[in-house]
file data07.cif (mmCIF, C-alpha atoms)
data_target
loop_
_atom_site.label_atom_id
_atom_site.label_comp_id
_atom_site.auth_asym_id
_atom_site.auth_seq_id
_atom_site.Cartn_x
_atom_site.Cartn_y
_atom_site.Cartn_z
CA MET A 1 20.12 43.71 -133.84
CA ALA A 2 17.69 46.57 -134.37
CA ARG A 3 15.15 47.52 -136.97
CA VAL A 4 16.17 51.06 -137.91
CA THR A 5 14.43 53.68 -140.02
CA VAL A 6 16.72 56.36 -141.45
CA VAL A 7 14.94 59.56 -142.48
CA GLY A 8 16.78 61.36 -145.29
CA ALA A 9 18.61 60.09 -148.37
CA GLY A 10 21.39 62.63 -148.76
CA VAL A 11 25.04 61.77 -148.20
CA VAL A 12 24.63 61.73 -144.40
CA GLY A 13 21.52 59.56 -144.39
CA LEU A 14 22.92 57.04 -146.87
CA SER A 15 26.24 56.88 -145.03
CA CYS A 16 24.42 56.17 -141.77
CA ALA A 17 22.31 53.51 -143.46
CA VAL A 18 25.37 51.73 -144.87
CA ARG A 19 27.19 51.78 -141.55
CA LEU A 20 24.15 50.42 -139.70
CA LEU A 21 23.64 47.67 -142.28
CA GLU A 22 27.30 46.71 -141.98
CA GLY A 23 26.64 46.38 -138.24
CA GLY A 24 23.92 43.82 -138.88
CA HIS A 25 20.85 46.00 -138.38
CA ARG A 26 17.78 45.96 -140.60
CA VAL A 27 17.59 49.38 -142.23
CA ASP A 28 14.94 51.18 -144.28
CA VAL A 29 15.59 54.69 -145.62
CA LEU A 30 12.59 56.99 -146.05
CA ALA A 31 12.95 60.34 -147.80
CA ARG A 32 10.90 62.95 -149.58
CA GLU A 33 13.78 63.41 -152.04
CA LEU A 34 15.71 60.48 -153.49
CA PRO A 35 19.53 60.71 -153.49
CA LEU A 36 19.96 62.40 -156.88
CA GLU A 37 17.37 65.04 -155.93
CA THR A 38 19.00 66.13 -152.67
CA THR A 39 21.22 69.06 -151.81
CA SER A 40 24.08 66.55 -151.59
CA HIS A 41 23.73 66.01 -155.33
CA VAL A 42 24.38 69.72 -155.97
CA ALA A 43 27.44 69.90 -153.70
CA ALA A 44 30.87 70.51 -155.18
CA ALA A 45 31.83 67.88 -152.62
CA ILE A 46 35.39 68.54 -151.59
CA TRP A 47 36.54 67.49 -148.12
CA TYR A 48 36.67 70.87 -146.40
CA PRO A 49 35.01 71.87 -143.08
CA TYR A 50 32.53 74.64 -143.88
CA LEU A 51 29.57 76.08 -141.97
CA ALA A 52 29.75 73.40 -139.27
CA GLU A 53 30.42 73.61 -135.55
CA PRO A 54 31.67 72.82 -132.92
CA ARG A 55 35.24 72.59 -134.11
CA GLU A 56 36.41 69.87 -131.76
CA ARG A 57 33.65 67.47 -132.83
CA VAL A 58 33.91 68.51 -136.47
CA LEU A 59 37.61 67.71 -136.38
CA GLY A 60 36.92 64.21 -135.06
CA TRP A 61 34.12 63.43 -137.50
CA GLY A 62 36.01 65.03 -140.36
CA GLY A 63 39.23 63.17 -139.63
CA ARG A 64 37.46 59.83 -139.70
CA THR A 65 35.63 60.76 -142.91
CA PHE A 66 38.92 61.76 -144.55
CA GLU A 67 40.32 58.31 -143.77
CA VAL A 68 37.32 56.50 -145.22
CA LEU A 69 37.18 58.63 -148.37
CA ALA A 70 40.93 58.31 -148.94
CA ASP A 71 40.57 54.54 -148.69
CA LEU A 72 37.70 54.55 -151.18
CA ALA A 73 39.79 56.64 -153.57
CA ALA A 74 42.58 54.06 -153.37
CA THR A 75 40.51 50.89 -153.53
CA THR A 76 37.05 51.55 -154.99
CA PRO A 77 37.12 53.67 -158.16
CA GLU A 78 33.44 52.98 -158.83
CA ALA A 79 32.58 55.08 -155.74
CA GLY A 80 33.56 58.25 -157.61
CA VAL A 81 35.99 59.60 -155.00
CA ARG A 82 39.46 60.87 -155.91
CA LEU A 83 42.31 62.45 -153.97
CA LEU A 84 43.13 65.72 -155.73
CA PRO A 85 45.64 68.49 -155.03
CA GLY A 86 44.57 72.09 -154.92
CA THR A 87 45.11 75.58 -153.58
CA GLU A 88 43.20 77.83 -151.21
CA VAL A 89 44.00 81.52 -151.66
CA LEU A 90 43.64 84.45 -149.26
CA THR A 91 43.76 88.21 -149.66
CA GLY A 92 45.81 88.64 -146.47
CA ALA A 93 48.26 86.71 -144.33
CA SER A 94 46.65 84.04 -142.19
CA PRO A 95 47.74 81.32 -139.74
CA ASP A 96 47.31 77.69 -140.70
CA PRO A 97 43.66 76.56 -140.57
CA TRP A 98 42.55 74.55 -137.55
CA TRP A 99 41.99 71.42 -139.65
CA ALA A 100 45.39 71.48 -141.41
CA GLY A 101 46.63 68.38 -139.60
CA VAL A 102 43.96 66.19 -141.20
CA VAL A 103 44.73 66.73 -144.88
CA THR A 104 47.68 65.40 -146.88
CA GLY A 105 50.67 67.48 -147.92
CA PHE A 106 49.61 70.78 -146.37
CA GLY A 107 52.02 73.63 -147.12
CA ARG A 108 52.24 77.28 -148.13
CA GLU A 109 51.95 78.10 -151.83
CA PRO A 110 54.63 80.47 -153.13
CA LEU A 111 52.96 81.12 -156.50
CA LEU A 112 49.51 82.69 -156.29
CA PRO A 113 47.09 84.35 -158.73
CA ALA A 114 47.26 88.13 -158.95
CA GLY A 115 45.56 89.92 -156.07
CA TYR A 116 46.17 87.27 -153.42
CA ALA A 117 48.68 87.65 -150.60
CA ASP A 118 48.70 84.19 -149.02
CA GLY A 119 47.61 80.65 -149.70
CA TRP A 120 48.23 76.99 -149.05
CA GLY A 121 48.00 73.78 -150.94
CA PHE A 122 46.99 70.28 -149.89
CA THR A 123 45.52 67.06 -151.23
CA THR A 124 41.99 66.14 -150.22
CA PRO A 125 39.13 63.85 -151.29
CA VAL A 126 36.79 65.13 -153.98
CA ALA A 127 33.59 63.19 -154.71
CA ASP A 128 31.65 63.17 -157.96
CA MET A 129 28.39 63.31 -156.06
CA PRO A 130 26.04 61.75 -158.62
CA VAL A 131 28.43 58.78 -158.78
CA TYR A 132 29.07 58.62 -155.03
CA LEU A 133 25.40 58.88 -154.07
CA THR A 134 24.52 56.17 -156.57
CA TRP A 135 27.27 53.97 -155.13
CA LEU A 136 26.04 54.53 -151.57
CA ARG A 137 22.46 53.70 -152.58
CA ARG A 138 23.69 50.53 -154.28
CA ARG A 139 25.57 49.59 -151.11
CA VAL A 140 22.35 50.00 -149.13
CA ALA A 141 20.56 47.64 -151.52
CA ASP A 142 23.41 45.11 -151.65
CA LEU A 143 23.44 44.95 -147.85
CA GLY A 144 19.70 44.28 -147.72
CA GLY A 145 18.37 47.77 -147.00
CA THR A 146 15.72 49.77 -148.82
CA VAL A 147 15.34 53.36 -150.01
CA THR A 148 11.75 54.58 -150.39
CA ARG A 149 10.30 57.94 -151.39
CA LEU A 150 7.85 59.08 -148.71
CA THR A 151 6.79 62.50 -147.51
CA LEU A 152 6.55 62.46 -143.72
CA SER A 153 4.52 64.74 -141.47
CA GLU A 154 6.36 63.43 -138.40
CA LEU A 155 9.13 61.02 -137.55
CA PRO A 156 7.86 57.50 -138.25
CA VAL A 157 6.91 54.82 -135.74
CA GLY A 158 7.16 51.06 -136.00
CA SER A 159 10.92 50.54 -135.79
CA ASP A 160 13.25 50.15 -132.83
CA VAL A 161 15.20 53.32 -133.64
CA VAL A 162 14.69 56.29 -135.98
CA VAL A 163 17.82 58.02 -137.27
CA ASN A 164 16.87 61.56 -138.23
CA CYS A 165 19.08 62.77 -141.09
CA SER A 166 16.41 65.03 -142.54
CA GLY A 167 18.55 68.16 -143.01
CA LEU A 168 16.29 71.18 -143.47
CA GLY A 169 13.37 68.86 -142.84
CA ALA A 170 14.36 68.86 -139.18
CA ARG A 171 12.72 72.30 -138.90
CA HIS A 172 9.44 70.41 -139.01
CA LEU A 173 10.23 66.79 -138.09
CA ALA A 174 12.26 67.77 -135.01
CA ALA A 175 10.56 71.14 -134.40
CA ASP A 176 14.00 72.72 -134.65
CA GLY A 177 13.78 76.30 -135.87
CA SER A 178 17.54 76.77 -135.47
CA VAL A 179 18.08 74.92 -138.75
CA VAL A 180 18.19 77.45 -141.59
CA PRO A 181 18.94 77.24 -145.31
CA VAL A 182 22.15 78.64 -146.70
CA ARG A 183 21.58 78.87 -150.42
CA GLY A 184 24.37 77.73 -152.71
CA GLN A 185 24.35 78.27 -156.46
CA VAL A 186 26.85 76.70 -158.85
CA VAL A 187 27.65 76.73 -162.54
CA VAL A 188 28.59 73.47 -164.26
CA VAL A 189 31.04 73.71 -167.16
CA GLU A 190 32.64 71.19 -169.46
CA GLN A 191 35.84 69.51 -168.32
CA PHE A 192 38.78 70.88 -170.32
CA GLY A 193 41.59 69.02 -168.57
CA LEU A 194 41.57 70.69 -165.14
CA SER A 195 43.00 68.34 -162.50
CA ARG A 196 43.51 70.74 -159.60
CA TRP A 197 40.87 72.45 -157.43
CA TRP A 198 40.90 76.11 -156.35
CA LEU A 199 39.19 77.83 -153.44
CA ASP A 200 38.76 81.38 -152.17
CA GLU A 201 36.54 81.16 -149.10
CA GLY A 202 35.96 84.92 -149.16
CA GLY A 203 33.47 84.62 -152.05
CA PRO A 204 32.96 81.85 -151.51
CA THR A 205 34.55 81.02 -154.85
CA TYR A 206 35.59 77.52 -155.83
CA VAL A 207 36.49 75.55 -158.93
CA ILE A 208 36.24 71.80 -158.36
CA PRO A 209 37.10 69.37 -161.17
CA ARG A 210 35.18 66.15 -161.65
CA GLU A 211 35.99 63.54 -164.25
CA HIS A 212 33.57 64.84 -166.89
CA GLU A 213 32.63 68.32 -165.63
CA ILE A 214 33.77 71.17 -163.41
CA ILE A 215 31.71 72.69 -160.60
CA VAL A 216 32.14 76.47 -160.28
CA GLY A 217 30.67 78.23 -157.26
CA GLY A 218 29.34 79.71 -155.31
CA THR A 219 27.10 81.62 -152.90
CA GLU A 220 26.41 81.69 -149.16
CA GLN A 221 22.93 83.20 -148.85
CA ARG A 222 21.67 82.53 -145.35
CA GLY A 223 17.91 82.32 -145.01
CA ALA A 224 17.29 82.20 -148.77
CA TRP A 225 14.86 79.54 -150.02
CA GLU A 226 14.83 80.29 -153.76
CA PRO A 227 15.48 76.97 -155.60
CA GLN A 228 15.92 78.43 -159.08
CA PRO A 229 19.31 79.62 -160.40
CA ASP A 230 19.71 83.37 -160.88
CA PRO A 231 21.46 84.42 -164.12
CA ALA A 232 23.09 87.52 -162.60
CA THR A 233 24.45 85.44 -159.73
CA ALA A 234 25.84 82.93 -162.23
CA ASP A 235 27.64 85.71 -164.08
CA ALA A 236 29.15 87.00 -160.83
CA ILE A 237 30.32 83.51 -159.88
CA MET A 238 32.08 83.04 -163.21
CA ALA A 239 33.71 86.49 -163.00
CA ARG A 240 35.20 85.65 -159.58
CA ALA A 241 36.27 82.19 -160.68
CA LEU A 242 38.17 83.56 -163.68
CA ARG A 243 40.64 85.13 -161.22
CA LEU A 244 41.50 81.64 -160.05
CA VAL A 245 41.30 79.72 -163.34
CA PRO A 246 41.43 82.00 -166.41
CA GLU A 247 40.86 79.01 -168.70
CA LEU A 248 37.23 78.96 -167.55
CA GLY A 249 36.63 81.83 -169.94
CA GLY A 250 36.64 79.41 -172.86
CA ALA A 251 34.69 76.61 -171.19
CA ARG A 252 31.17 75.72 -172.30
CA VAL A 253 28.50 76.08 -169.62
CA ILE A 254 26.41 72.91 -169.40
CA GLY A 255 24.20 73.59 -166.38
CA HIS A 256 23.17 75.62 -163.35
CA ARG A 257 22.21 74.19 -159.96
CA VAL A 258 21.02 75.37 -156.55
CA GLY A 259 21.21 73.61 -153.20
CA LEU A 260 19.98 74.67 -149.77
CA ARG A 261 22.57 73.74 -147.15
CA PRO A 262 21.07 72.79 -143.75
CA ALA A 263 22.96 75.05 -141.34
CA ARG A 264 22.63 75.13 -137.56
CA PRO A 265 24.64 76.77 -134.74
CA SER A 266 26.08 73.30 -134.11
CA VAL A 267 25.63 69.89 -135.69
CA ARG A 268 23.04 67.93 -133.75
CA LEU A 269 24.19 64.36 -133.19
CA GLU A 270 22.57 62.91 -130.11
CA ARG A 271 19.97 60.40 -129.02
CA GLU A 272 16.53 61.25 -127.72
CA SER A 273 14.09 58.88 -126.06
CA ARG A 274 10.44 59.53 -126.84
CA SER A 275 7.39 57.70 -125.58
CA SER A 276 6.81 55.93 -128.87
CA ARG A 277 10.37 55.42 -130.13
CA ASP A 278 14.07 56.07 -129.67
CA VAL A 279 15.54 58.70 -132.01
CA VAL A 280 19.14 59.46 -132.98
CA HIS A 281 19.35 62.93 -134.50
CA CYS A 282 22.07 63.63 -137.07
CA TYR A 283 21.52 66.91 -138.92
CA GLY A 284 22.70 70.51 -139.24
CA HIS A 285 25.90 69.79 -141.19
CA GLY A 286 25.82 73.06 -143.13
CA GLY A 287 28.24 72.85 -146.04
CA SER A 288 30.09 69.86 -144.57
CA GLY A 289 27.79 66.96 -145.41
CA LEU A 290 30.42 64.99 -147.30
CA THR A 291 33.20 66.17 -144.97
CA LEU A 292 31.51 64.80 -141.83
CA SER A 293 29.37 62.01 -143.26
CA GLN A 294 31.41 58.92 -142.46
CA GLY A 295 32.54 60.10 -139.04
CA CYS A 296 28.99 60.97 -138.05
CA ALA A 297 27.73 57.65 -139.42
CA GLY A 298 30.15 55.82 -137.16
CA GLU A 299 28.93 57.71 -134.10
CA VAL A 300 25.29 57.11 -135.08
CA ALA A 301 26.02 53.37 -135.24
CA GLU A 302 27.56 53.52 -131.77
CA LEU A 303 24.51 55.32 -130.35
CA VAL A 304 22.14 52.78 -131.90
CA ALA A 305 24.21 49.95 -130.41
CA GLU A 306 24.03 51.63 -126.99
CA LEU A 307 20.26 51.98 -127.29
CA MET A 308 19.88 48.32 -128.16
CA THR A 309 22.12 47.28 -125.26
CA GLY A 310 20.04 49.40 -122.92
CA SER A 311 16.81 47.91 -124.26
CA ARG A 312 18.07 44.36 -123.70
CA THR A 313 19.18 45.28 -120.19
CA ARG A 314 15.73 46.70 -119.39
CA LEU A 315 14.02 43.59 -120.73
CA THR A 316 16.27 41.26 -118.78
CA THR A 317 15.82 43.25 -115.57
CA GLY A 318 12.06 43.39 -116.07
CA SER A 319 11.73 39.65 -116.63
CA ALA A 320 13.79 38.91 -113.51
CA GLY A 321 11.38 40.96 -111.40
#

call {"tool": "encode", "arguments": {"input": "data07.cif", "output": "structure tokens"}}
result
Amino acid sequence: MARVTVVGAGVVGLSCAVRLLEGGHRVDVLARELPLETTSHVAAAIWYPYLAEPRERVLGWGGRTFEVLADLAATTPEAGVRLLPGTEVLTGASPDPWWAGVVTGFGREPLLPAGYADGWGFTTPVADMPVYLTWLRRRVADLGGTVTRLTLSELPVGSDVVVNCSGLGARHLAADGSVVPVRGQVVVVEQFGLSRWWLDEGGPTYVIPREHEIIVGGTEQRGAWEPQPDPATADAIMARALRLVPELGGARVIGHRVGLRPARPSVRLERESRSSRDVVHCYGHGGSGLTLSQGCAGEVAELVAELMTGSRTRLTTGSAG
């Protein structure tokens, strides 16, 4: 088994760490931001492919993640994942989305809010991210791994494999300027009994219920780095969301949050051999960190296993010579 360093403690990094630990590897997670400080913590966290390419790989990773999250919802309530029904609305007629075959109960919605011409409903996993991230971190610890805060100037050395889940940090750690922030701002309101999510991708506008709060979003500001919430943007988000859920007008606002999604023309999941170490890159998930996390973690584990098999083969061949 390998000694693996995972860089990044968001939902992708922690998912990779858990999968590698389950495979018997020794795993240490290093991150500038601990799990509850990451962009993953801000995410509304509904299973829904968003700002991630290429479609064929996203569909595979997303399908596997859906299975894992659905199982957690059924068997592990402490993970903070639930299967919830909801509706996506559109201003014009549209064909079924390319990922429709993955979700449960997909079908057209006959009753829509005023101003919308088409829409569909389905049931999908929704994660309460503070709870889910805490559960993943606990799994890392229970399996013998570690999570340590550390600001890195380069990918670390000293382990057999580095798994790079650094998100926006890949701009520096992997010298990848194609990774750009897509700023997302949300409003957090008190839970008033909402049990169904709503989405209008055109805004993007979404209303995602958690057990004790509701996440109302959002924005898609490519190239924006501002980490502080903007009051005017918050007002605009709430105005759009009222079209979907009028009851929000009476809900008490309890917080504002901003996250910088790590977008890239395509998700980078591949291995790279360097002179000092082997690296498996896994970043550029855009707004689909939760949606792709478990599927990508499985592929990362496979790549690490291949690297270790190759290393053993090289050692055996070398000793025979």

call {"tool": "residues_near_point", "arguments": {"input": "data07.cif", "point": "(50.9, 88.1, -151.3)", "cutoff": "9 Å", "atoms": "only C-alpha atoms", "output": "list in words"}}
result
Leu90, Thr91, Gly92, Ala93, Pro110, Leu111, Leu112, Ala114, Gly115, Tyr116, Ala117, Asp118 and Gly119 of chain A

call {"tool": "residues_around", "arguments": {"input": "data07.cif", "residues": "A:Pro204", "least_positions_apart": "6", "cutoff": "9 Å", "atoms": "only C-alpha atoms", "output": "PyMOL selection string"}}
result
chain A and resi 217-220+237

call {"tool": "residues_around", "arguments": {"input": "data07.cif", "residues": "A:Leu150", "least_positions_apart": "5", "cutoff": "12 Å", "atoms": "only C-alpha atoms", "output": "NGL selection string"}}
result
:A and (6-9 or 28-34 or 155-156)

call {"tool": "residues_around", "arguments": {"input": "data07.cif", "residues": "stretch 221-230 of chain A", "least_positions_apart": "2", "cutoff": "6 Å", "atoms": "all atoms listed in the file", "output": "list in words"}}
result
Val180, Pro181, Val182, Arg183, Ala232, Thr233 and Val258 of chain A

call {"tool": "resolve_selection", "arguments": {"input": "data07.cif", "expression": "the PyMOL selection byres ((chain A and resi 286-296) around 7)", "output": "VMD selection string"}}
result
chain A and resid 11 to 12 15 45 47 to 52 58 61 to 62 64 to 65 68 261 to 264 284 to 285 297 to 300

call {"tool": "atom_distance", "arguments": {"input": "data07.cif", "atom1": "atom CA of A:Gly145", "atom2": "atom CA of A:Gly80"}}
result
21.3 Å

call {"tool": "residues_near_point", "arguments": {"input": "data07.cif", "point": "(39.7, 55.6, -148.0)", "cutoff": "12 Å", "atoms": "only C-alpha atoms", "output": "JSON list (two decimals) with C-alpha atoms, keeping the file's coordinate frame"}}
result
[["chain", "number", "residue", "atom", "x", "y", "z"],
["A", 63, "GLY", "CA", 39.23, 63.17, -139.63],
["A", 64, "ARG", "CA", 37.46, 59.83, -139.70],
["A", 65, "THR", "CA", 35.63, 60.76, -142.91],
["A", 66, "PHE", "CA", 38.92, 61.76, -144.55],
["A", 67, "GLU", "CA", 40.32, 58.31, -143.77],
["A", 68, "VAL", "CA", 37.32, 56.50, -145.22],
["A", 69, "LEU", "CA", 37.18, 58.63, -148.37],
["A", 70, "ALA", "CA", 40.93, 58.31, -148.94],
["A", 71, "ASP", "CA", 40.57, 54.54, -148.69],
["A", 72, "LEU", "CA", 37.70, 54.55, -151.18],
["A", 73, "ALA", "CA", 39.79, 56.64, -153.57],
["A", 74, "ALA", "CA", 42.58, 54.06, -153.37],
["A", 75, "THR", "CA", 40.51, 50.89, -153.53],
["A", 76, "THR", "CA", 37.05, 51.55, -154.99],
["A", 77, "PRO", "CA", 37.12, 53.67, -158.16],
["A", 79, "ALA", "CA", 32.58, 55.08, -155.74],
["A", 80, "GLY", "CA", 33.56, 58.25, -157.61],
["A", 81, "VAL", "CA", 35.99, 59.60, -155.00],
["A", 82, "ARG", "CA", 39.46, 60.87, -155.91],
["A", 83, "LEU", "CA", 42.31, 62.45, -153.97],
["A", 124, "THR", "CA", 41.99, 66.14, -150.22],
["A", 125, "PRO", "CA", 39.13, 63.85, -151.29],
["A", 126, "VAL", "CA", 36.79, 65.13, -153.98],
["A", 127, "ALA", "CA", 33.59, 63.19, -154.71],
["A", 294, "GLN", "CA", 31.41, 58.92, -142.46]]

call {"tool": "atom_distance", "arguments": {"input": "data07.cif", "atom1": "atom CA of A:Gly169", "atom2": "atom CA of A:Tyr132"}}
result
22.4 Å

call {"tool": "atom_distance", "arguments": {"input": "data07.cif", "atom1": "atom CA of A:Glu272", "atom2": "atom CA of A:Thr309"}}
result
15.2 Å

call {"tool": "closest_residue", "arguments": {"input": "data07.cif", "among": "A:Gly10, A:Gly121, A:Glu78, A:His281", "to": "A:Asp96", "atoms": "only C-alpha atoms"}}
result
A:Gly121

call {"tool": "residues_around", "arguments": {"input": "data07.cif", "residues": "A:Thr123", "least_positions_apart": "5", "cutoff": "12 Å", "atoms": "all atoms listed in the file", "output": "VMD selection string"}}
result
chain A and resid 46 to 48 66 70 82 to 88 100 to 107 195 to 198

call {"tool": "resolve_selection", "arguments": {"input": "data07.cif", "expression": "the PyMOL selection byres ((chain A and resi 173) around 12)", "output": "list in words"}}
result
Val7, Gly8, Ala31, Thr151, Leu152, Ser153, Glu154, Leu155, Pro156, Val162, Val163, Asn164, Cys165, Ser166, Gly167, Leu168, Gly169, Ala170, Arg171, His172, Ala174, Ala175, Asp176, Gly177, Val179, Val279, His281 and Tyr283 of chain A

call {"tool": "decode", "arguments": {"input": "data07.cif", "residues": "stretch 152-161 of chain A", "atoms": "all heavy atoms", "output": "PDB file, in the first residue's frame"}}
result
ATOM      1  N   LEU A 152       0.908  25.663   1.399  1.00  0.00           N
ATOM      2  CA  LEU A 152       1.954  25.086   0.563  1.00  0.00           C
ATOM      3  C   LEU A 152       2.368  26.062  -0.533  1.00  0.00           C
ATOM      4  O   LEU A 152       1.518  26.736  -1.127  1.00  0.00           O
ATOM      5  CB  LEU A 152       1.471  23.789  -0.077  1.00  0.00           C
ATOM      6  CG  LEU A 152       1.091  22.651   0.882  1.00  0.00           C
ATOM      7  CD1 LEU A 152       0.359  21.547   0.109  1.00  0.00           C
ATOM      8  CD2 LEU A 152       2.333  22.094   1.558  1.00  0.00           C
ATOM      9  N   SER A 153       3.665  26.103  -0.822  1.00  0.00           N
ATOM     10  CA  SER A 153       4.150  26.884  -1.950  1.00  0.00           C
ATOM     11  C   SER A 153       4.332  26.020  -3.186  1.00  0.00           C
ATOM     12  O   SER A 153       4.479  26.528  -4.298  1.00  0.00           O
ATOM     13  CB  SER A 153       5.480  27.562  -1.590  1.00  0.00           C
ATOM     14  OG  SER A 153       6.459  26.596  -1.239  1.00  0.00           O
ATOM     15  N   GLU A 154       4.313  24.696  -2.988  1.00  0.00           N
ATOM     16  CA  GLU A 154       4.396  23.734  -4.075  1.00  0.00           C
ATOM     17  C   GLU A 154       3.821  22.418  -3.588  1.00  0.00           C
ATOM     18  O   GLU A 154       3.597  22.237  -2.381  1.00  0.00           O
ATOM     19  CB  GLU A 154       5.843  23.548  -4.538  1.00  0.00           C
ATOM     20  CG  GLU A 154       6.763  23.010  -3.448  1.00  0.00           C
ATOM     21  CD  GLU A 154       8.185  22.844  -3.926  1.00  0.00           C
ATOM     22  OE1 GLU A 154       8.461  23.146  -5.098  1.00  0.00           O
ATOM     23  OE2 GLU A 154       9.027  22.393  -3.127  1.00  0.00           O
ATOM     24  N   LEU A 155       3.568  21.502  -4.501  1.00  0.00           N
ATOM     25  CA  LEU A 155       3.082  20.198  -4.093  1.00  0.00           C
ATOM     26  C   LEU A 155       4.142  19.514  -3.239  1.00  0.00           C
ATOM     27  O   LEU A 155       5.341  19.576  -3.552  1.00  0.00           O
ATOM     28  CB  LEU A 155       2.739  19.345  -5.319  1.00  0.00           C
ATOM     29  CG  LEU A 155       1.543  19.819  -6.137  1.00  0.00           C
ATOM     30  CD1 LEU A 155       1.355  18.939  -7.370  1.00  0.00           C
ATOM     31  CD2 LEU A 155       0.263  19.831  -5.296  1.00  0.00           C
ATOM     32  N   PRO A 156       3.740  18.860  -2.164  1.00  0.00           N
ATOM     33  CA  PRO A 156       4.712  18.336  -1.200  1.00  0.00           C
ATOM     34  C   PRO A 156       5.470  17.121  -1.720  1.00  0.00           C
ATOM     35  O   PRO A 156       5.037  16.439  -2.643  1.00  0.00           O
ATOM     36  CB  PRO A 156       3.842  17.963   0.005  1.00  0.00           C
ATOM     37  CG  PRO A 156       2.499  17.665  -0.587  1.00  0.00           C
ATOM     38  CD  PRO A 156       2.346  18.608  -1.739  1.00  0.00           C
ATOM     39  N   VAL A 157       6.595  16.848  -1.086  1.00  0.00           N
ATOM     40  CA  VAL A 157       7.388  15.654  -1.363  1.00  0.00           C
ATOM     41  C   VAL A 157       7.385  14.791  -0.105  1.00  0.00           C
ATOM     42  O   VAL A 157       6.937  15.210   0.954  1.00  0.00           O
ATOM     43  CB  VAL A 157       8.830  16.027  -1.761  1.00  0.00           C
ATOM     44  CG1 VAL A 157       8.846  16.810  -3.052  1.00  0.00           C
ATOM     45  CG2 VAL A 157       9.507  16.819  -0.646  1.00  0.00           C
ATOM     46  N   GLY A 158       7.884  13.572  -0.238  1.00  0.00           N
ATOM     47  CA  GLY A 158       8.013  12.714   0.926  1.00  0.00           C
ATOM     48  C   GLY A 158       7.020  11.580   0.996  1.00  0.00           C
ATOM     49  O   GLY A 158       7.133  10.710   1.860  1.00  0.00           O
ATOM     50  N   SER A 159       6.038  11.559   0.109  1.00  0.00           N
ATOM     51  CA  SER A 159       5.085  10.455   0.061  1.00  0.00           C
ATOM     52  C   SER A 159       5.219   9.737  -1.274  1.00  0.00           C
ATOM     53  O   SER A 159       5.892  10.205  -2.192  1.00  0.00           O
ATOM     54  CB  SER A 159       3.655  10.971   0.258  1.00  0.00           C
ATOM     55  OG  SER A 159       3.339  11.973  -0.692  1.00  0.00           O
ATOM     56  N   ASP A 160       4.566   8.585  -1.379  1.00  0.00           N
ATOM     57  CA  ASP A 160       4.625   7.833  -2.635  1.00  0.00           C
ATOM     58  C   ASP A 160       3.834   8.530  -3.740  1.00  0.00           C
ATOM     59  O   ASP A 160       4.252   8.547  -4.906  1.00  0.00           O
ATOM     60  CB  ASP A 160       4.074   6.418  -2.428  1.00  0.00           C
ATOM     61  CG  ASP A 160       4.894   5.613  -1.429  1.00  0.00           C
ATOM     62  OD1 ASP A 160       6.132   5.638  -1.547  1.00  0.00           O
ATOM     63  OD2 ASP A 160       4.300   5.000  -0.534  1.00  0.00           O
ATOM     64  N   VAL A 161       2.670   9.085  -3.369  1.00  0.00           N
ATOM     65  CA  VAL A 161       1.795   9.731  -4.338  1.00  0.00           C
ATOM     66  C   VAL A 161       1.198  10.981  -3.712  1.00  0.00           C
ATOM     67  O   VAL A 161       0.835  10.981  -2.520  1.00  0.00           O
ATOM     68  CB  VAL A 161       0.638   8.799  -4.783  1.00  0.00           C
ATOM     69  CG1 VAL A 161      -0.223   9.485  -5.844  1.00  0.00           C
ATOM     70  CG2 VAL A 161       1.154   7.464  -5.290  1.00  0.00           C
TER      71      VAL A 161
END
